[in-house]
Structure formats: C-alpha cells, structure tokens
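**Q** I have a structure here, written as structure tokens, and I will follow up with some questions on it.
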Amino acid sequence: MDRMKRRRYGFIIVLLAVLIAYTHALRSRDIETSRAPFLGSLPEEIGGYTGLIEAEDPEALKLLDADETLFRRYRNDSGRTVWLYIGYFAAPHENSQIHSPKHCYPAAGWNILTEGSTSILLGEGKVAVRHLVISNGVEKHAILYWYSCADGILTNEFALKLNQMKNSLLSRSQATAFVRFSTQLTGGEEAGAERDLVRFAEALAPHAEGVLRGGGAAPGASNRAFSGSTTSERTP
C-alpha cells in the first residue's frame with residue numbers, strides 16, 4: 001500500500017471516529033440551549049421588496065423538526081421575486097438536523113448545475129457564502145445560503161459538524177440556523193437576477209444575523225409578525 005492510499009484510509013478512519021464521537025455526544029450530554037429568536041421581527045418591506053405570506057405545511061414542519069422556521073416570498077414592483085427561508089435549531093440532535101441543500105435538492109428532483117461561493121457585504125466587510133444554480137428541467141434558480149451560529153457564519157457542512165461537536169463536548173450551545181435566499185433565473189435576465197439576489201441578501205442579512213445572534217432586528221426593522229413555513233424547505 002503506497003503512502004497516498006495510507007493517508008486516504010487514515011483520513012477516512014479519523015472522519016468516522018469524529019462522526020461516532022459526535023453522535024455519542026448528541027446522545028449523552030446535556031447541552032446548553034438558547035431561547036429561539038423571533039424570526040417574525042424581520043422587516044416585511046426592504047430594498048423595494050414587499051414580503052408575502054406563504055402557507056404553512058404541517059408535514060414539512062414535522063420533517064424539518066426545526067425549533068423556529070420562517071419562509072417569505074418577497075416581490076418588487078418589477079415582478080422580481082426572492083424567497084427567504086430560515087430554519088433555526090436550538091439544540092440539534094439525531095432526528096433534528098439541518099438538511100444540506102446538496103442532498104435536499106437532488107432528492108427533490110433538482111439538479112445542481114453549478115456550485116461555488118459568492119461574496120456579500122455583511123456588516124463592515126465581505127463574507128463568502130455558498131452559491132448554487134439548480135434546475136428541475138423546467139425552472140432554474142440561483143441559491144445563496146449559509147449556516148449561522150454563535151461562532152460566526154459557516155458555509156461548509158463538515159465545518160458545521162465539527163463546530164457542533166466541539167460545542168457539544170464543551171456543553172456549549174449548538175444553536176444554529178440555516179439561512180437561504182433564492183430567485184428564479186429566466187433567459188436573458190439571469191445576470192440581472194443574480195445581481196438582484198445578492199443585493200437583496202445584503203439588505204436583509206444584517207437584520208437576520210442580528211435576530212439570530214440575540215441582538216434583535218437591525219435598526220428600522222419591522223416588529224410585526226410575518227412568517228410562514230414550507231414543504232421540505234419549500235424548494236426552491
């Protein structure tokens with residue numbers, strides 16, 4: 001067995017050990033939990049867009065098993081639509097885990113056409129978030145997403161697992177939220193739709209992060225309840 005194969009097998013063994021330790025930690029430790037944020041405090045009108053209520057789906061809520069969910073459809077005067085989904089998990093456990101879009105979209109019949117990262121302005125600097133383009137053969141959508149936790153913004157699923165395992169072993173809060181923005185791409189307008197998606201995310205993300213981190217909505221945010229839930233995170 002050459003050195004490269006030994007390293008590869010060694011990495012797999014370490015990865016399995018980490019996952020086993022993480023599963024055991026979830027089962028056996030008392031974890032500090034945080035009070036769920038009021039996601040309904042996010043602004044209903046922002047950047048020329050107005051939020052619209054989406055119907056709740058009890059079966060989807062049961063499947064996701066998140067402590068708090070928010071799904072809104074924002075639309076501007078030109079007809080551009082952006083969907084916002086936030087799923088908040090106060091204390092993830094074996095039957096209540098954040099679903100990675102890399103797995104959920106293919107399972108729901110969507111093909112991932114491209115995968116990468118996009119920088120958005122958040123606070124005083126740029127933050128790299130995940131960027132996907134997906135299609136089901138009829139529609140095409142652009143997706144921006146990340147995971148928000150006490151340690152900051154994470155965009156790698158493996159890094160998220162390591163972060164949750166570390167906090168579990170230290171009996172710290174594992175509260176994590178999945179934040180996703182999406183918009184439909186149509187022929188001839190794809191570049192414009194992508195730019196609008198980034199701008200909208202930059203406008204709303206500070207409010208979302210403020211609420212998720214316990215600081216309340218950013219200045220000027222609406223305090224009226226306005227939330228809904230979706231079918232299996234309501235693809236897209």
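Labeling convention for the structure tokens: chains A, B, ... as they appear, residues from 1 per chain, ligands from 1 in order of appearance.
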Find the residues near Thr176 (chain A): any atom within 7 Å, counting only C-alpha atoms, skip ones fewer than 3 places away on the same chain, and give them as a list in words.

**A** Tyr88, Phe89, Ala90, Tyr147, Ser148 and Cys149 of chain A

**Q** Now that the selection is made, can you save its residues with N, CA and C atoms as an mmCIF file, in the first residue's frame?

**A**
```cif
data_model
loop_
_atom_site.group_PDB
_atom_site.id
_atom_site.type_symbol
_atom_site.label_atom_id
_atom_site.label_comp_id
_atom_site.auth_asym_id
_atom_site.auth_seq_id
_atom_site.Cartn_x
_atom_site.Cartn_y
_atom_site.Cartn_z
ATOM 1 N N TYR A 88 -34.264 27.490 12.250
ATOM 2 C CA TYR A 88 -33.462 27.653 13.467
ATOM 3 C C TYR A 88 -33.553 26.403 14.327
ATOM 4 N N PHE A 89 -32.385 25.878 14.719
ATOM 5 C CA PHE A 89 -32.300 24.680 15.551
ATOM 6 C C PHE A 89 -31.598 25.051 16.857
ATOM 7 N N ALA A 90 -32.339 25.053 17.957
ATOM 8 C CA ALA A 90 -31.772 25.462 19.239
ATOM 9 C C ALA A 90 -30.771 24.449 19.762
ATOM 10 N N TYR A 147 -24.757 28.888 7.107
ATOM 11 C CA TYR A 147 -25.168 28.438 8.432
ATOM 12 C C TYR A 147 -24.695 29.477 9.442
ATOM 13 N N SER A 148 -25.605 29.947 10.265
ATOM 14 C CA SER A 148 -25.294 30.987 11.249
ATOM 15 C C SER A 148 -25.275 30.391 12.651
ATOM 16 N N CYS A 149 -24.159 30.555 13.353
ATOM 17 C CA CYS A 149 -24.040 30.047 14.715
ATOM 18 C C CYS A 149 -23.297 31.071 15.571
#
```

**Q** Write out as a PyMOL selection string the residues lying within 10 Å of Leu132 (chain A), counting only C-alpha atoms and excluding same-chain residues fewer than 6 positions away.

**A** chain A and resi 101-102+112-118+141-145+182

**Q** Looking only at strand (DSSP E or B) from DSSP on the backbone, list the matching residues of region 113-176 of chain A as a PyMOL selection string.

**A** chain A and resi 113-122+125-135+140-149+152-154+176

**Q** Which residues are near Gly87 (chain A)? Cut-off 6 Å, only C-alpha atoms, ignore same chain within fewer than 6 positions. Put them as an NGL selection string.

**A** :A and (66 or 69 or 177-178)

**Q** Take the selection from the previous step and output its residues with N, CA and C atoms, as a PDB file, in the first residue's frame.

**A**
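The resulting file, again-v3.pdb, is reproduced below:
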```pdb
ATOM      1  N   ALA A  66     -37.460  21.788  12.978  1.00  0.00           N
ATOM      2  CA  ALA A  66     -36.730  22.960  13.460  1.00  0.00           C
ATOM      3  C   ALA A  66     -37.516  23.602  14.588  1.00  0.00           C
ATOM      4  N   THR A  69     -39.136  28.382  12.212  1.00  0.00           N
ATOM      5  CA  THR A  69     -38.936  28.500  10.765  1.00  0.00           C
ATOM      6  C   THR A  69     -39.561  29.781  10.251  1.00  0.00           C
ATOM      7  N   ALA A 177     -28.603  28.205  12.692  1.00  0.00           N
ATOM      8  CA  ALA A 177     -29.686  28.494  11.750  1.00  0.00           C
ATOM      9  C   ALA A 177     -29.194  28.308  10.327  1.00  0.00           C
ATOM     10  N   PHE A 178     -30.064  27.786   9.502  1.00  0.00           N
ATOM     11  CA  PHE A 178     -29.798  27.682   8.072  1.00  0.00           C
ATOM     12  C   PHE A 178     -30.498  28.861   7.406  1.00  0.00           C
TER      13      PHE A 178
END
```

**Q** Counting only C-alpha atoms, what is within 10 Å of Thr183 (chain A), bar same-chain residues fewer than 5 positions away, as a ChimeraX atom specification?

**A** /A:73-74,80-84,133,140-144,190,193-194,196-197,236

**Q** Grab the CA of Ala205 (chain A) to CA of Val179 (chain A) distance for me, in Å with one decimal place.

**A**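 So the answer is 8.8 Å.
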
**Q** What is the distance, in Å and to one decimal place, between CA of Ile46 (chain A) and CA of Ala203 (chain A)?

**A** 7.2 Å

**Q** Find the residues of region 144-188 of chain A that sit at most 9 Å from region 127-131 of chain A; for each, write down the nearest two atoms and how far apart they are in Å, to one decimal. Count only C-alpha atoms. Sort by chain, then by number going up, and give it as CSV.

**A**
```
residue,atom,partner,partner_atom,distance
A:Leu144,CA,A:His131,CA,4.8
A:Tyr145,CA,A:Arg130,CA,5.3
A:Trp146,CA,A:Val129,CA,5.8
A:Ile153,CA,A:Val127,CA,8.3
A:Leu154,CA,A:Val129,CA,8.1
A:Thr155,CA,A:Arg130,CA,6.0
A:Asn156,CA,A:Arg130,CA,8.4
```

**Q** Go ahead and save the residues from that selection, with C-alpha atoms, as a compact mmCIF listing (two decimals), in the first residue's frame.

**A**
```
# COMPACT_ATOMS: atom_id res chain seq x y z
CA LEU A 144 -27.33 31.75 -1.69
CA TYR A 145 -27.04 30.05 1.69
CA TRP A 146 -25.02 29.75 4.87
CA ILE A 153 -21.04 32.21 9.58
CA LEU A 154 -20.13 28.77 8.25
CA THR A 155 -20.57 27.58 4.67
CA ASN A 156 -19.04 24.11 4.83
```

**Q** Within 10 Å of Gly47 (chain A), counting only C-alpha atoms, which residues show up once you throw out same-chain ones fewer than 3 positions away? Write them as a PyMOL selection string, please.

**A** chain A and resi 50+76+199-204

**Q** Any idea what's packed within 8 Å of Ala208 (chain A), counting only C-alpha atoms, ignoring anything in its chain fewer than 4 positions away? Could you give it as a list in words?

**A**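 Everything that qualifies: Leu39, Leu42, Leu204, Leu212 and Ala217 of chain A.
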
**Q** In terms of the shortest atom-to-atom distance over only C-alpha atoms, which of A:Ile12, A:Ala91, A:Leu70, A:Ala107 is closest to Gln164 (chain A)?

**A**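 Once distances to Gln164 (chain A) are computed over only C-alpha atoms, the minimum belongs to A:Ala91.
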
**Q** For each of A:Pro43, A:Gly152, A:Ser119, A:Leu160, take the minimum atom-to-atom distance to Arg195 (chain A), counting only C-alpha atoms, then give the residue where this is smallest.

**A** A:Ser119
